[in-house]
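**Q** Quick one: the structure is below, questions incoming.
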Amino acid sequence: MTGLDLTADVLVIGGGPAATWAALKAAQDGADVVLADKGYCGTSGATASAGTGVWYVPPEPAAREAAMASREGLGGYLADRRWMARVLEQTYAGVNELAAAGRYPFPTGADGRQLRNGLQGPEYMRRMRIRVQRAGARILDHSPVTELLTDASGAVAGARGHRRQAGQPYRVRAGAVVLATGGCAFLSGALGCNVNTGDGALFAAEVGADLSGMEFSNAYGIAPEGTSVTKTAFYSFATFYREDGTVLEGAASQGGRSVIAKALLSEKVYCRLDRADEAARKAMRLAQPNFFLTFDRLGIDPFTQRFAVTLLAEGTVRGTGGIRLTGDDCSTTAPGLYAAGDAATRELICGGFTGGGSHNAAWAISSGIWAGRGAARHARSLGARAATRRLVAAGGAGLRPTGKPGPAEAFREVVAAVQAEVLPYEKNYLRHGDRLTASLEVLDGVWEQSRASLHADGGHTVRARQAAAMAAHARWMYTAALARTETRGMAKRLDFPAQDPGQHHRITTGGLDRVWTRVEPLTNTSAASASALEVAS
């Protein structure tokens, strides 16, 4: 082929925390590693552009028990206690390693001990990039992957992509691949999320992997109107107001966001962080300084002045759906393919409710470590034959149309059509079966047309594939949402407002031209914990 041609034991696709932890651990395990990032590894993505809390809990039985129990009800009792315990243990070790080996400058509390339950994204990712490079991994910046490659048996064996700055294609032959590409926010404009277009889920589905929890995908973050910063935690101190200045009753960051969404359909909604005392205000500025940059630039004091707010779709970036995992090493149903971070389902630790920043950050660390090590082991098991396998291209929509190729700019129409069905509150956030069915019919048509004619060359190939990924993502979301005829966790249905004990299961989905769903019974650990809590209540 023309362009760059590389061989590695492990290829990691992505550049955020999950990807860098995966690359680091695979390299430390002796693997030859290539990391391919859509942007510049260390600066692109949701984490690098902001700060985040971390689900960091000391190994004290009571504290760990409280941490696991605190969100089980919110998630509809779909989380798995065994996985929660694993993540708490691995995150604790990973954050401590970041402090010691990574020399991350955690702040200290009044008692002189470091406060390790939060990370500043820019500094965190800067240090992770350095650690990955020092471990010997090769980083391909501005090199989005466009498709996976398989061998004759169907096992994943590498990937192809496009090097934006060099203007050339590239290929990486690998013994195993880790997908750490993030979730899908549908180019909504949420800070750091425009690289999160669901590419990894499309790649996975094209090689036969399936997904889980895609109905838990209607996450919307609160942001000042006209801005992109969706740091929703601080809005727990907020009072929300109607245009006429009266309090918007029932509106809240947690448990009242649907009230905000309904009001925004007909009027502006305003906010003031007037429930924060002086100590809280100081702590907020220290914890998340970037949250206040917008207000400072606009000359607004958010604690004393009202400001208009909006809701930005964050999809499966802050939702919990993603590629379904089949093993403790974050393997998938496709041999040689591993998934980590927001690309993978987070139901195992969050159930059906968003993990927000802290749980997702912990999951990125833990799943990245496990996937990197698992991929390294798999590559070793192949031995010398990994380098001689015949490679087969797996990509479809946007690369290999089944009919006459359309114009190169057609991806713009696909993106606009998908956004029209997934960004409006009344379709995605305030879900109803009739609206979901109508949107799914439109999206099926978008996919059919994309499969038949969407095609581009060079740099536009990346955009065509992003458009196809967004279309596929939306169809999986709405198909799973229609299959869950109840309200559980984030998956709220206005036409089925109650939780149905008969639907205490996960929903797996997959397929491309024909999307399918099936019920996945819970494991003993998740079912037992739910039963115990239900009896206790």
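Letters for chains follow the order of the structure tokens (A, B, ...), residue numbers begin at 1 for each chain, and ligand numbers begin at 1 in the order shown.
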With a distance cut-off of 8 Å and only C-alpha atoms, select the neighbouring residues of stretch 216-223 of chain A, excluding the residue or stretch itself and same-chain residues fewer than 3 positions from it, and output the selection as a ChimeraX atom specification.
**A** /A:213,227-232,235,253,309-316,318-321,352-354,428-429,477,481,489-491
**Q** Taking N, CA, C and O atoms for each residue, export the selection above as a compact mmCIF listing (two decimals), in the first residue's frame.
**A**
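Output below, filename again13.txt:
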```txt
# COMPACT_ATOMS: atom_id res chain seq x y z
N GLY A 213 -26.71 -1.71 26.69
CA GLY A 213 -27.10 -0.49 27.40
C GLY A 213 -27.28 0.71 26.51
O GLY A 213 -27.22 1.85 26.99
N THR A 227 -22.57 28.44 25.03
CA THR A 227 -21.23 27.97 25.40
C THR A 227 -21.19 26.45 25.33
O THR A 227 -22.17 25.79 24.99
N SER A 228 -20.05 25.88 25.69
CA SER A 228 -19.86 24.44 25.54
C SER A 228 -19.51 23.71 26.84
O SER A 228 -19.39 22.49 26.84
N VAL A 229 -19.34 24.42 27.94
CA VAL A 229 -18.87 23.81 29.19
C VAL A 229 -20.04 23.15 29.93
O VAL A 229 -20.92 23.84 30.46
N THR A 230 -20.03 21.83 29.99
CA THR A 230 -21.13 21.08 30.62
C THR A 230 -20.66 20.42 31.92
O THR A 230 -20.73 19.20 32.07
N LYS A 231 -20.18 21.23 32.84
CA LYS A 231 -19.77 20.70 34.14
C LYS A 231 -20.98 20.76 35.07
O LYS A 231 -21.19 21.72 35.81
N THR A 232 -21.79 19.71 35.02
CA THR A 232 -23.11 19.75 35.63
C THR A 232 -23.10 19.67 37.15
O THR A 232 -24.05 20.11 37.80
N TYR A 235 -24.17 22.62 39.32
CA TYR A 235 -25.55 23.10 39.25
C TYR A 235 -26.42 22.51 40.37
O TYR A 235 -27.60 22.83 40.47
N SER A 253 -30.47 20.01 38.91
CA SER A 253 -29.42 19.32 38.19
C SER A 253 -29.64 17.81 38.21
O SER A 253 -29.49 17.13 37.21
N VAL A 309 -29.46 29.29 30.40
CA VAL A 309 -28.81 27.98 30.26
C VAL A 309 -29.45 27.20 29.10
O VAL A 309 -30.55 27.50 28.65
N THR A 310 -28.73 26.21 28.65
CA THR A 310 -29.22 25.29 27.64
C THR A 310 -28.83 23.88 28.06
O THR A 310 -28.11 23.69 29.06
N LEU A 311 -29.28 22.89 27.30
CA LEU A 311 -28.88 21.49 27.52
C LEU A 311 -28.21 21.00 26.26
O LEU A 311 -28.75 21.14 25.16
N LEU A 312 -27.01 20.44 26.40
CA LEU A 312 -26.27 19.91 25.27
C LEU A 312 -26.23 18.39 25.35
O LEU A 312 -25.92 17.82 26.41
N ALA A 313 -26.53 17.74 24.24
CA ALA A 313 -26.52 16.27 24.21
C ALA A 313 -25.11 15.74 24.41
O ALA A 313 -24.16 16.22 23.78
N GLU A 314 -24.99 14.76 25.30
CA GLU A 314 -23.70 14.11 25.53
C GLU A 314 -23.77 12.61 25.25
O GLU A 314 -22.78 11.90 25.38
N GLY A 315 -24.95 12.13 24.86
CA GLY A 315 -25.09 10.77 24.37
C GLY A 315 -24.43 9.72 25.23
O GLY A 315 -24.62 9.67 26.44
N THR A 316 -23.61 8.90 24.60
CA THR A 316 -22.93 7.82 25.33
C THR A 316 -21.57 8.25 25.86
O THR A 316 -20.79 7.41 26.34
N ARG A 318 -21.49 10.61 28.33
CA ARG A 318 -21.88 10.62 29.74
C ARG A 318 -22.93 9.56 30.05
O ARG A 318 -23.24 9.29 31.21
N GLY A 319 -23.51 8.96 29.02
CA GLY A 319 -24.41 7.84 29.22
C GLY A 319 -23.62 6.58 29.57
O GLY A 319 -22.42 6.63 29.77
N THR A 320 -24.28 5.43 29.57
CA THR A 320 -23.56 4.22 29.99
C THR A 320 -23.47 3.15 28.92
O THR A 320 -22.82 2.13 29.11
N GLY A 321 -24.13 3.34 27.78
CA GLY A 321 -24.11 2.31 26.75
C GLY A 321 -22.79 2.27 26.00
O GLY A 321 -22.05 3.24 25.94
N GLY A 352 -27.94 1.67 34.79
CA GLY A 352 -28.57 2.47 33.75
C GLY A 352 -28.54 3.95 34.00
O GLY A 352 -29.32 4.69 33.38
N PHE A 353 -27.66 4.44 34.88
CA PHE A 353 -27.60 5.87 35.17
C PHE A 353 -26.19 6.37 34.96
O PHE A 353 -25.22 5.67 35.28
N THR A 354 -26.06 7.58 34.46
CA THR A 354 -24.73 8.12 34.14
C THR A 354 -23.75 8.00 35.29
O THR A 354 -24.10 8.22 36.46
N ASN A 428 -35.28 12.90 22.03
CA ASN A 428 -34.31 12.03 22.69
C ASN A 428 -34.40 12.06 24.21
O ASN A 428 -34.33 11.01 24.86
N TYR A 429 -34.56 13.24 24.79
CA TYR A 429 -34.59 13.32 26.25
C TYR A 429 -35.97 12.99 26.80
O TYR A 429 -36.11 12.18 27.71
N MET A 477 -29.40 3.18 19.63
CA MET A 477 -29.99 3.84 20.79
C MET A 477 -31.51 3.72 20.79
O MET A 477 -32.13 3.31 21.78
N ALA A 481 -34.07 1.62 23.10
CA ALA A 481 -35.03 2.40 23.89
C ALA A 481 -36.45 1.89 23.68
O ALA A 481 -37.26 1.85 24.62
N GLY A 489 -33.46 3.86 35.38
CA GLY A 489 -32.25 4.65 35.22
C GLY A 489 -32.50 5.85 34.32
O GLY A 489 -33.49 6.56 34.46
N MET A 490 -31.59 6.07 33.38
CA MET A 490 -31.73 7.18 32.44
C MET A 490 -32.77 6.92 31.37
O MET A 490 -33.24 7.85 30.72
N ALA A 491 -33.12 5.66 31.16
CA ALA A 491 -34.03 5.29 30.08
C ALA A 491 -35.47 5.57 30.49
O ALA A 491 -36.23 4.66 30.84
```
**Q** Using only C-alpha atoms, which residues sit within 9 Å of A:Pro497 once same-chain residues fewer than 4 positions away are excluded, as number ranges by chain?
**A** A: 485-488, 492-493
**Q** Give the answer as one residue: which of A:Ala420, A:Leu264, A:Ala50, A:Leu348 has the shortest atom-to-atom distance to A:Ile323, using only C-alpha atoms?
**A** A:Leu348
**Q** To one decimal in Å, tell me the separation between atom CA of A:Ala387 and atom CA of A:Thr326.
**A** 25.9 Å
**Q** At a cut-off of 7 Å, using only C-alpha atoms, what residues contact stretch 37-46 of chain A? Leave out same-chain residues fewer than 3 positions from it and give the result as a PDB file with N, CA and C atoms, in the first residue's frame.
**A**
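File produced: selection-v5.pdb:
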```pdb
ATOM      1  N   ILE A  13      -6.564   2.396  19.749  1.00  0.00           N
ATOM      2  CA  ILE A  13      -7.228   3.430  18.970  1.00  0.00           C
ATOM      3  C   ILE A  13      -7.910   4.400  19.931  1.00  0.00           C
ATOM      4  N   GLY A  14      -7.445   5.642  19.939  1.00  0.00           N
ATOM      5  CA  GLY A  14      -7.945   6.648  20.865  1.00  0.00           C
ATOM      6  C   GLY A  14      -6.781   7.382  21.493  1.00  0.00           C
ATOM      7  N   GLY A  15      -7.079   8.416  22.280  1.00  0.00           N
ATOM      8  CA  GLY A  15      -5.997   9.170  22.888  1.00  0.00           C
ATOM      9  C   GLY A  15      -6.324   9.753  24.238  1.00  0.00           C
ATOM     10  N   GLY A  16      -7.464   9.374  24.810  1.00  0.00           N
ATOM     11  CA  GLY A  16      -7.856   9.859  26.121  1.00  0.00           C
ATOM     12  C   GLY A  16      -7.297   8.999  27.237  1.00  0.00           C
ATOM     13  N   SER A  49      -9.819  18.495  28.147  1.00  0.00           N
ATOM     14  CA  SER A  49     -10.288  19.874  28.091  1.00  0.00           C
ATOM     15  C   SER A  49     -10.905  20.349  29.402  1.00  0.00           C
ATOM     16  N   ALA A  50     -10.934  19.496  30.417  1.00  0.00           N
ATOM     17  CA  ALA A  50     -11.640  19.867  31.653  1.00  0.00           C
ATOM     18  C   ALA A  50     -11.035  19.147  32.846  1.00  0.00           C
ATOM     19  N   PRO A 122      -6.051  18.738  31.737  1.00  0.00           N
ATOM     20  CA  PRO A 122      -4.859  19.060  30.938  1.00  0.00           C
ATOM     21  C   PRO A 122      -3.568  18.502  31.530  1.00  0.00           C
ATOM     22  N   MET A 125      -3.591  14.466  31.370  1.00  0.00           N
ATOM     23  CA  MET A 125      -3.328  13.891  30.065  1.00  0.00           C
ATOM     24  C   MET A 125      -1.923  14.239  29.555  1.00  0.00           C
ATOM     25  N   ARG A 126      -1.387  15.377  29.960  1.00  0.00           N
ATOM     26  CA  ARG A 126      -0.002  15.698  29.597  1.00  0.00           C
ATOM     27  C   ARG A 126       0.943  14.653  30.176  1.00  0.00           C
ATOM     28  N   ARG A 129       0.576  11.160  28.419  1.00  0.00           N
ATOM     29  CA  ARG A 129       1.278  11.095  27.143  1.00  0.00           C
ATOM     30  C   ARG A 129       2.765  10.829  27.369  1.00  0.00           C
ATOM     31  N   LEU A 140       0.766   7.973  17.051  1.00  0.00           N
ATOM     32  CA  LEU A 140       0.417   8.588  15.778  1.00  0.00           C
ATOM     33  C   LEU A 140      -0.640   9.646  16.054  1.00  0.00           C
ATOM     34  N   ASP A 141      -0.230  10.905  16.096  1.00  0.00           N
ATOM     35  CA  ASP A 141      -1.169  12.002  16.334  1.00  0.00           C
ATOM     36  C   ASP A 141      -1.885  12.370  15.033  1.00  0.00           C
ATOM     37  N   HIS A 142      -3.066  12.966  15.182  1.00  0.00           N
ATOM     38  CA  HIS A 142      -3.852  13.419  14.033  1.00  0.00           C
ATOM     39  C   HIS A 142      -3.959  12.308  12.989  1.00  0.00           C
ATOM     40  N   SER A 143      -4.236  11.109  13.478  1.00  0.00           N
ATOM     41  CA  SER A 143      -4.271   9.922  12.611  1.00  0.00           C
ATOM     42  C   SER A 143      -5.515   9.087  12.888  1.00  0.00           C
ATOM     43  N   PRO A 144      -6.696   9.618  12.545  1.00  0.00           N
ATOM     44  CA  PRO A 144      -7.918   8.869  12.819  1.00  0.00           C
ATOM     45  C   PRO A 144      -7.981   7.547  12.062  1.00  0.00           C
ATOM     46  N   LEU A 191     -18.137  20.560  25.260  1.00  0.00           N
ATOM     47  CA  LEU A 191     -16.695  20.776  25.336  1.00  0.00           C
ATOM     48  C   LEU A 191     -15.906  19.467  25.229  1.00  0.00           C
ATOM     49  N   GLY A 192     -14.974  19.425  24.291  1.00  0.00           N
ATOM     50  CA  GLY A 192     -14.085  18.290  24.138  1.00  0.00           C
ATOM     51  C   GLY A 192     -14.688  17.080  23.467  1.00  0.00           C
ATOM     52  N   CYS A 193     -15.948  17.173  23.047  1.00  0.00           N
ATOM     53  CA  CYS A 193     -16.661  15.977  22.568  1.00  0.00           C
ATOM     54  C   CYS A 193     -16.775  15.876  21.053  1.00  0.00           C
ATOM     55  N   VAL A 195     -14.627  15.048  18.997  1.00  0.00           N
ATOM     56  CA  VAL A 195     -13.927  13.860  18.486  1.00  0.00           C
ATOM     57  C   VAL A 195     -14.696  12.597  18.822  1.00  0.00           C
TER      58      VAL A 195
END
```
